[in-house]
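Okay, input_10.pdb now, which holds PDB, C-alpha atoms (C1' of nucleotides):
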ATOM      1  CA  MET A 989      16.429  -9.746 -12.354  1.00  0.00           C
ATOM      2  CA  ILE A 990      16.309 -11.500  -9.052  1.00  0.00           C
ATOM      3  CA  THR A 991      16.308 -15.103  -7.947  1.00  0.00           C
ATOM      4  CA  TYR A 992      14.005 -16.506  -5.301  1.00  0.00           C
ATOM      5  CA  ASN A 993      13.549 -20.136  -4.370  1.00  0.00           C
ATOM      6  CA  GLY A 994      15.187 -21.106  -7.578  1.00  0.00           C
ATOM      7  CA  GLU A 995      12.700 -19.146  -9.639  1.00  0.00           C
ATOM      8  CA  ARG A 996      13.825 -16.237 -11.669  1.00  0.00           C
ATOM      9  CA  ILE A 997      11.808 -13.114 -11.737  1.00  0.00           C
ATOM     10  CA  VAL A 998      12.300 -10.478 -14.357  1.00  0.00           C
ATOM     11  CA  ASP A 999      13.405  -7.191 -12.874  1.00  0.00           C
ATOM     12  CA  ALA A1000      10.821  -5.194 -14.779  1.00  0.00           C
ATOM     13  CA  ALA A1001       8.020  -7.462 -13.593  1.00  0.00           C
ATOM     14  CA  PHE A1002       9.200  -7.125 -10.022  1.00  0.00           C
ATOM     15  CA  ALA A1003       9.219  -3.374 -10.309  1.00  0.00           C
ATOM     16  CA  GLU A1004       5.778  -3.485 -11.838  1.00  0.00           C
ATOM     17  CA  GLN A1005       4.397  -5.352  -8.856  1.00  0.00           C
ATOM     18  CA  VAL A1006       6.101  -2.950  -6.508  1.00  0.00           C
ATOM     19  CA  TYR A1007       4.423  -0.016  -8.187  1.00  0.00           C
ATOM     20  CA  GLU A1008       1.077  -1.761  -7.938  1.00  0.00           C
ATOM     21  CA  ALA A1009       1.502  -2.479  -4.255  1.00  0.00           C
ATOM     22  CA  VAL A1010       2.523   1.107  -3.567  1.00  0.00           C
ATOM     23  CA  ALA A1011      -0.471   2.379  -5.463  1.00  0.00           C
ATOM     24  CA  ARG A1012      -2.714   0.352  -3.166  1.00  0.00           C
ATOM     25  CA  ILE A1013      -1.570   2.107  -0.001  1.00  0.00           C
ATOM     26  CA  PRO A1014      -4.604   3.975   1.328  1.00  0.00           C
ATOM     27  CA  ARG A1015      -4.557   7.690   1.996  1.00  0.00           C
ATOM     28  CA  GLY A1016      -3.401   8.537   5.472  1.00  0.00           C
ATOM     29  CA  LYS A1017      -1.452   5.311   5.869  1.00  0.00           C
ATOM     30  CA  VAL A1018       2.095   4.220   5.190  1.00  0.00           C
ATOM     31  CA  ALA A1019       3.810   0.915   4.436  1.00  0.00           C
ATOM     32  CA  THR A1020       7.343  -0.279   5.011  1.00  0.00           C
ATOM     33  CA  TYR A1021       9.674  -1.361   2.241  1.00  0.00           C
ATOM     34  CA  GLY A1022       9.571  -4.827   3.715  1.00  0.00           C
ATOM     35  CA  GLN A1023       5.799  -4.966   3.491  1.00  0.00           C
ATOM     36  CA  ILE A1024       5.881  -4.011  -0.144  1.00  0.00           C
ATOM     37  CA  ALA A1025       8.572  -6.573  -0.837  1.00  0.00           C
ATOM     38  CA  ALA A1026       6.545  -9.246   0.944  1.00  0.00           C
ATOM     39  CA  GLN A1027       3.463  -8.419  -1.089  1.00  0.00           C
ATOM     40  CA  VAL A1028       5.283  -8.897  -4.343  1.00  0.00           C
ATOM     41  CA  GLY A1029       6.584 -12.255  -3.220  1.00  0.00           C
ATOM     42  CA  ASP A1030      10.079 -11.486  -1.943  1.00  0.00           C
ATOM     43  CA  PRO A1031      10.004 -10.574   1.757  1.00  0.00           C
ATOM     44  CA  LEU A1032      13.775 -10.342   1.822  1.00  0.00           C
ATOM     45  CA  ALA A1033      14.209  -7.783  -0.895  1.00  0.00           C
ATOM     46  CA  GLY A1034      13.374  -4.614   0.961  1.00  0.00           C
ATOM     47  CA  ARG A1035      16.462  -2.933  -0.382  1.00  0.00           C
ATOM     48  CA  GLU A1036      15.389  -3.617  -3.930  1.00  0.00           C
ATOM     49  CA  VAL A1037      12.064  -1.967  -3.267  1.00  0.00           C
ATOM     50  CA  GLY A1038      13.856   1.148  -2.131  1.00  0.00           C
ATOM     51  CA  HIS A1039      16.003   1.184  -5.208  1.00  0.00           C
ATOM     52  CA  ILE A1040      13.021   0.654  -7.467  1.00  0.00           C
ATOM     53  CA  MET A1041      11.299   3.631  -5.887  1.00  0.00           C
ATOM     54  CA  SER A1042      14.258   5.796  -6.756  1.00  0.00           C
ATOM     55  CA  CYS A1043      13.716   4.862 -10.393  1.00  0.00           C
ATOM     56  CA  ALA A1044       9.952   5.136 -10.234  1.00  0.00           C
ATOM     57  CA  PRO A1045       8.456   6.480 -13.462  1.00  0.00           C
ATOM     58  CA  SER A1046       6.938   9.891 -13.000  1.00  0.00           C
ATOM     59  CA  GLY A1047       3.885   9.271 -15.160  1.00  0.00           C
ATOM     60  CA  ARG A1048       2.214   6.993 -12.681  1.00  0.00           C
ATOM     61  CA  ASN A1049       1.495   9.310  -9.810  1.00  0.00           C
ATOM     62  CA  LEU A1050       2.896   6.849  -7.317  1.00  0.00           C
ATOM     63  CA  PRO A1051       2.501   7.761  -3.635  1.00  0.00           C
ATOM     64  CA  CYS A1052       6.062   6.788  -2.848  1.00  0.00           C
ATOM     65  CA  HIS A1053       5.999   9.210   0.060  1.00  0.00           C
ATOM     66  CA  ARG A1054       3.811   6.654   1.842  1.00  0.00           C
ATOM     67  CA  VAL A1055       6.652   4.148   1.886  1.00  0.00           C
ATOM     68  CA  VAL A1056       9.027   4.410   4.829  1.00  0.00           C
ATOM     69  CA  ASN A1057      11.403   2.173   6.726  1.00  0.00           C
ATOM     70  CA  ARG A1058      10.204   0.168   9.692  1.00  0.00           C
ATOM     71  CA  THR A1059      10.977   2.852  12.282  1.00  0.00           C
ATOM     72  CA  GLY A1060       8.816   5.420  10.540  1.00  0.00           C
ATOM     73  CA  ALA A1061      11.760   7.550   9.520  1.00  0.00           C
ATOM     74  CA  LEU A1062      11.402   9.465   6.269  1.00  0.00           C
ATOM     75  CA  ALA A1063      13.509   8.909   3.197  1.00  0.00           C
ATOM     76  CA  PRO A1064      16.785  10.784   2.753  1.00  0.00           C
ATOM     77  CA  ASP A1065      16.750  14.287   1.365  1.00  0.00           C
ATOM     78  CA  TYR A1066      17.652  13.304  -2.158  1.00  0.00           C
ATOM     79  CA  ALA A1067      14.435  11.307  -2.552  1.00  0.00           C
ATOM     80  CA  PHE A1068      11.668  13.883  -2.460  1.00  0.00           C
ATOM     81  CA  GLY A1069      13.549  17.112  -2.718  1.00  0.00           C
ATOM     82  CA  GLY A1070      13.778  17.218   1.017  1.00  0.00           C
ATOM     83  CA  GLN A1071      12.141  15.516   3.948  1.00  0.00           C
ATOM     84  CA  GLU A1072      10.109  18.647   4.523  1.00  0.00           C
ATOM     85  CA  LYS A1073       8.412  18.001   1.230  1.00  0.00           C
ATOM     86  CA  GLN A1074       7.613  14.410   2.029  1.00  0.00           C
ATOM     87  CA  ARG A1075       6.359  15.365   5.463  1.00  0.00           C
ATOM     88  CA  ALA A1076       4.109  18.026   3.983  1.00  0.00           C
ATOM     89  CA  LEU A1077       2.623  15.508   1.567  1.00  0.00           C
ATOM     90  CA  LEU A1078       1.890  13.052   4.349  1.00  0.00           C
ATOM     91  CA  GLU A1079       0.489  15.612   6.724  1.00  0.00           C
ATOM     92  CA  ALA A1080      -1.836  16.746   3.967  1.00  0.00           C
ATOM     93  CA  GLU A1081      -3.226  13.205   3.961  1.00  0.00           C
ATOM     94  CA  GLY A1082      -3.785  13.114   7.685  1.00  0.00           C
ATOM     95  CA  VAL A1083      -0.601  11.375   8.779  1.00  0.00           C
ATOM     96  CA  THR A1084       0.594  12.547  12.188  1.00  0.00           C
ATOM     97  CA  PHE A1085       4.219  12.888  13.186  1.00  0.00           C
ATOM     98  CA  LEU A1086       6.051  12.465  16.458  1.00  0.00           C
ATOM     99  CA  ALA A1087       8.149  15.140  18.050  1.00  0.00           C
ATOM    100  CA  ASP A1088      11.316  13.656  16.576  1.00  0.00           C
ATOM    101  CA  GLY A1089      10.010  13.969  13.027  1.00  0.00           C
ATOM    102  CA  ARG A1090       9.085  10.347  12.519  1.00  0.00           C
ATOM    103  CA  ILE A1091       5.699   8.953  11.571  1.00  0.00           C
ATOM    104  CA  ASP A1092       3.485   7.554  14.314  1.00  0.00           C
ATOM    105  CA  MET A1093       3.548   3.963  13.090  1.00  0.00           C
ATOM    106  CA  THR A1094       1.078   2.732  15.690  1.00  0.00           C
ATOM    107  CA  LEU A1095      -1.560   4.833  13.953  1.00  0.00           C
ATOM    108  CA  HIS A1096      -0.597   4.803  10.312  1.00  0.00           C
ATOM    109  CA  LEU A1097       1.213   1.601   9.487  1.00  0.00           C
ATOM    110  CA  TRP A1098      -0.817  -0.081   6.779  1.00  0.00           C
ATOM    111  CA  GLY A1099      -2.265  -3.434   7.751  1.00  0.00           C
ATOM    112  CA  LYS A1100      -0.814  -3.804  11.213  1.00  0.00           C
ATOM    113  CA  TYR A1101      -2.693  -1.619  13.605  1.00  0.00           C
ATOM    114  CA  GLU A1102      -5.940  -0.894  11.791  1.00  0.00           C
ATOM    115  CA  GLN A1103      -7.939  -2.650  14.409  1.00  0.00           C
ATOM    116  CA  PHE A1104      -7.002   0.234  16.666  1.00  0.00           C
ATOM    117  CA  ASN A1105      -7.442   2.902  14.073  1.00  0.00           C
ATOM    118  CA  ILE A1106     -10.860   4.514  13.948  1.00  0.00           C
ATOM    119  CA  PHE A1107     -10.118   6.504  10.841  1.00  0.00           C
ATOM    120  CA  ASP A1108      -9.925   4.655   7.569  1.00  0.00           C
ATOM    121  CA  MET A1109      -9.506   7.228   4.873  1.00  0.00           C
ATOM    122  CA  SER A1110      -9.122   5.447   1.606  1.00  0.00           C
TER
ATOM    123  C1'  DC B 241      35.028 -13.655  -9.188  1.00  0.00           C
ATOM    124  C1'  DG B 242      35.273 -11.052  -4.360  1.00  0.00           C
ATOM    125  C1'  DC B 243      34.356  -6.733  -1.865  1.00  0.00           C
ATOM    126  C1'  DC B 244      31.710  -2.750  -0.658  1.00  0.00           C
ATOM    127  C1'  DT B 245      27.422  -0.158  -0.490  1.00  0.00           C
ATOM    128  C1'  DG B 246      22.525   0.761   0.176  1.00  0.00           C
ATOM    129  C1'  DA B 247      15.218   4.680   0.296  1.00  0.00           C
ATOM    130  C1'  DC B 248      15.809  -2.513   4.546  1.00  0.00           C
ATOM    131  C1'  DA B 249      14.524  -6.077   8.222  1.00  0.00           C
ATOM    132  C1'  DG B 250      14.739  -9.310  12.150  1.00  0.00           C
ATOM    133  C1'  DA B 251      16.483 -10.920  16.533  1.00  0.00           C
ATOM    134  C1'  DC B 252      18.680  -9.416  20.816  1.00  0.00           C
ATOM    135  C1'  DT B 253      20.215  -6.386  24.322  1.00  0.00           C
TER
ATOM    136  C1'  DT C1166      12.058   2.316  20.984  1.00  0.00           C
ATOM    137  C1'  DA C1167      17.207   2.762  20.162  1.00  0.00           C
ATOM    138  C1'  DG C1168      21.510   0.633  19.200  1.00  0.00           C
ATOM    139  C1'  DT C1169      24.019  -3.199  17.384  1.00  0.00           C
ATOM    140  C1'  DC C1170      24.866  -7.167  14.739  1.00  0.00           C
ATOM    141  C1'  DT C1171      23.606 -10.232  11.072  1.00  0.00           C
ATOM    142  C1'  DG C1172      21.040 -11.639   6.889  1.00  0.00           C
ATOM    143  C1'  DC C1173      19.446 -10.610   2.072  1.00  0.00           C
ATOM    144  C1'  DC C1174      19.508  -9.063  -2.717  1.00  0.00           C
ATOM    145  C1'  DA C1175      21.129  -6.264  -6.587  1.00  0.00           C
ATOM    146  C1'  DG C1176      24.568  -3.353  -8.650  1.00  0.00           C
ATOM    147  C1'  DG C1177      29.048  -1.097  -9.253  1.00  0.00           C
ATOM    148  C1'  DC C1178      34.095  -1.667  -9.256  1.00  0.00           C
TER
END
Show this structure as structure tokens.
Amino acid sequence: MITYNGERIVDAAFAEQVYEAVARIPRGKVATYGQIAAQVGDPLAGREVGHIMSCAPSGRNLPCHRVVNRTGALAPDYAFGGQEKQRALLEAEGVTFLADGRIDMTLHLWGKYEQFNIFDMS
DNA sequence: CGCCTGACAGACT
DNA sequence: TAGTCTGCCAGGC
């Protein structure tokens, strides 16, 4: 469990909210771990979000490949069976990558640049 | 307990 | 944006 502002939040409940938030990420967009953490009420627990993803239950069809760090870099190889895999999944949804293999955050970051994004594929 | 580590983030340079 | 330093939280030792 975690503590926040004196309140105690059950670990399982926290994870549950994380999964919900992740499930809400629209197709063709990505969110940062920090964003997810903020949505579930703990903006400072980005690391926890990452850890929770690693334990994500497989029965839920969670689009965890849409969650990246703030620079748009993909998760380490051990997360999706290779970054190639994750990249393929994202590209299949319309996410574009930069030459250095990172996601173009100015186009696909969920909730930050939509006003500039013509395409809203959800 | 303290210390180190990590799918992270923010402020600064 | 990249690099660096610092802050945060949980978990393992």
Checklist entry - To one decimal place, how far is C1' of DT1171 (chain C) from CA of Ala1067 (chain A) in Å? => result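 Between these atoms lies a distance of 27.1 Å.
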Checklist entry - Mind pulling up the distance from CA of Leu1062 (chain A) to CA of Val1037 (chain A)? => result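 So the answer is 14.9 Å.
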Next on the checklist: Should the cut-off be 12 Å, what would the residue list for chain C against chain A look like, counting all atoms listed in the file, as a PyMOL selection string?
Outcome noted: chain C and resi 1166-1167+1172-1176
Item to check | Residues matched by the PyMOL selection byres ((chain A) within 12 of (chain B)), written as a ChimeraX atom specification | outcome: /A:1020-1026,1031-1044,1052-1059,1061-1068,1071
Checklist entry - How far is it from C1' of DG1177 (chain C) to CA of Glu1004 (chain A), in Å with one decimal? => result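 Straight-line distance from C1' of DG1177 (chain C) to CA of Glu1004 (chain A) works out to 23.5 Å.
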At the level of C-alpha atoms, write region 989-1082 of chain A to a file as an mmCIF file, in the first residue's frame, please.
data_model
loop_
_atom_site.group_PDB
_atom_site.id
_atom_site.type_symbol
_atom_site.label_atom_id
_atom_site.label_comp_id
_atom_site.auth_asym_id
_atom_site.auth_seq_id
_atom_site.Cartn_x
_atom_site.Cartn_y
_atom_site.Cartn_z
ATOM 1 C CA MET A 989 0.000 0.000 0.000
ATOM 2 C CA ILE A 990 1.024 3.586 -0.301
ATOM 3 C CA THR A 991 0.595 6.667 1.826
ATOM 4 C CA TYR A 992 -0.425 10.046 0.477
ATOM 5 C CA ASN A 993 -1.326 13.119 2.476
ATOM 6 C CA GLY A 994 -1.764 10.963 5.488
ATOM 7 C CA GLU A 995 -4.310 8.771 3.759
ATOM 8 C CA ARG A 996 -3.574 5.178 3.131
ATOM 9 C CA ILE A 997 -4.457 3.633 -0.134
ATOM 10 C CA VAL A 998 -4.607 -0.083 -0.608
ATOM 11 C CA ASP A 999 -2.093 -1.293 -3.145
ATOM 12 C CA ALA A 1000 -4.634 -3.370 -5.022
ATOM 13 C CA ALA A 1001 -7.004 -0.421 -5.313
ATOM 14 C CA PHE A 1002 -4.208 1.754 -6.617
ATOM 15 C CA ALA A 1003 -3.330 -0.815 -9.221
ATOM 16 C CA GLU A 1004 -6.968 -1.093 -10.157
ATOM 17 C CA GLN A 1005 -7.180 2.616 -10.859
ATOM 18 C CA VAL A 1006 -3.985 2.466 -12.848
ATOM 19 C CA TYR A 1007 -5.412 -0.238 -15.061
ATOM 20 C CA GLU A 1008 -8.550 1.811 -15.575
ATOM 21 C CA ALA A 1009 -6.611 4.905 -16.536
ATOM 22 C CA VAL A 1010 -4.470 2.935 -18.968
ATOM 23 C CA ALA A 1011 -7.543 1.414 -20.523
ATOM 24 C CA ARG A 1012 -8.848 4.910 -21.224
ATOM 25 C CA ILE A 1013 -5.899 5.903 -23.397
ATOM 26 C CA PRO A 1014 -7.291 6.419 -26.898
ATOM 27 C CA ARG A 1015 -5.939 4.577 -29.902
ATOM 28 C CA GLY A 1016 -3.072 6.368 -31.548
ATOM 29 C CA LYS A 1017 -2.115 8.237 -28.394
ATOM 30 C CA VAL A 1018 0.227 7.601 -25.505
ATOM 31 C CA ALA A 1019 0.412 8.717 -21.878
ATOM 32 C CA THR A 1020 3.318 9.082 -19.500
ATOM 33 C CA TYR A 1021 3.639 7.163 -16.261
ATOM 34 C CA GLY A 1022 3.339 10.456 -14.456
ATOM 35 C CA GLN A 1023 0.046 11.243 -16.141
ATOM 36 C CA ILE A 1024 -1.383 7.920 -15.120
ATOM 37 C CA ALA A 1025 -0.155 8.391 -11.577
ATOM 38 C CA ALA A 1026 -1.701 11.858 -11.458
ATOM 39 C CA GLN A 1027 -5.032 10.535 -12.668
ATOM 40 C CA VAL A 1028 -5.210 7.994 -9.904
ATOM 41 C CA GLY A 1029 -4.480 10.636 -7.312
ATOM 42 C CA ASP A 1030 -0.742 10.301 -6.714
ATOM 43 C CA PRO A 1031 1.222 12.501 -9.128
ATOM 44 C CA LEU A 1032 4.463 11.538 -7.438
ATOM 45 C CA ALA A 1033 4.198 7.811 -7.840
ATOM 46 C CA GLY A 1034 5.241 7.399 -11.435
ATOM 47 C CA ARG A 1035 7.619 4.635 -10.498
ATOM 48 C CA GLU A 1036 4.830 2.669 -8.898
ATOM 49 C CA VAL A 1037 2.815 2.892 -12.077
ATOM 50 C CA GLY A 1038 5.690 1.374 -13.984
ATOM 51 C CA HIS A 1039 6.007 -1.433 -11.515
ATOM 52 C CA ILE A 1040 2.288 -2.098 -11.577
ATOM 53 C CA MET A 1041 2.408 -2.391 -15.348
ATOM 54 C CA SER A 1042 5.035 -5.076 -15.050
ATOM 55 C CA CYS A 1043 2.580 -7.073 -12.958
ATOM 56 C CA ALA A 1044 -0.411 -6.261 -15.118
ATOM 57 C CA PRO A 1045 -2.858 -9.164 -15.360
ATOM 58 C CA SER A 1046 -2.992 -10.608 -18.831
ATOM 59 C CA GLY A 1047 -6.746 -11.127 -18.909
ATOM 60 C CA ARG A 1048 -7.553 -7.469 -19.224
ATOM 61 C CA ASN A 1049 -6.150 -6.619 -22.605
ATOM 62 C CA LEU A 1050 -4.435 -3.542 -21.253
ATOM 63 C CA PRO A 1051 -2.746 -1.282 -23.819
ATOM 64 C CA CYS A 1052 0.346 -0.904 -21.686
ATOM 65 C CA HIS A 1053 2.341 -0.243 -24.833
ATOM 66 C CA ARG A 1054 0.693 3.189 -24.881
ATOM 67 C CA VAL A 1055 2.416 4.139 -21.644
ATOM 68 C CA VAL A 1056 5.887 5.620 -22.005
ATOM 69 C CA ASN A 1057 8.187 7.889 -20.053
ATOM 70 C CA ARG A 1058 8.082 11.629 -20.555
ATOM 71 C CA THR A 1059 10.692 11.697 -23.329
ATOM 72 C CA GLY A 1060 8.734 9.287 -25.487
ATOM 73 C CA ALA A 1061 11.267 6.516 -25.101
ATOM 74 C CA LEU A 1062 9.912 2.977 -25.180
ATOM 75 C CA ALA A 1063 10.040 0.555 -22.300
ATOM 76 C CA PRO A 1064 13.060 -1.703 -21.826
ATOM 77 C CA ASP A 1065 13.296 -4.925 -23.767
ATOM 78 C CA TYR A 1066 12.088 -7.139 -20.969
ATOM 79 C CA ALA A 1067 8.680 -5.441 -20.936
ATOM 80 C CA PHE A 1068 7.103 -6.351 -24.251
ATOM 81 C CA GLY A 1069 9.410 -9.000 -25.553
ATOM 82 C CA GLY A 1070 11.431 -6.338 -27.240
ATOM 83 C CA GLN A 1071 11.024 -2.713 -28.168
ATOM 84 C CA GLU A 1072 10.441 -3.781 -31.744
ATOM 85 C CA LYS A 1073 7.264 -5.438 -30.600
ATOM 86 C CA GLN A 1074 6.025 -2.407 -28.740
ATOM 87 C CA ARG A 1075 6.889 -0.162 -31.653
ATOM 88 C CA ALA A 1076 5.009 -2.415 -34.045
ATOM 89 C CA LEU A 1077 1.932 -2.293 -31.831
ATOM 90 C CA LEU A 1078 2.006 1.486 -31.685
ATOM 91 C CA GLU A 1079 2.666 1.972 -35.357
ATOM 92 C CA ALA A 1080 -0.301 -0.257 -36.079
ATOM 93 C CA GLU A 1081 -2.409 2.277 -34.180
ATOM 94 C CA GLY A 1082 -1.104 5.234 -36.113
#
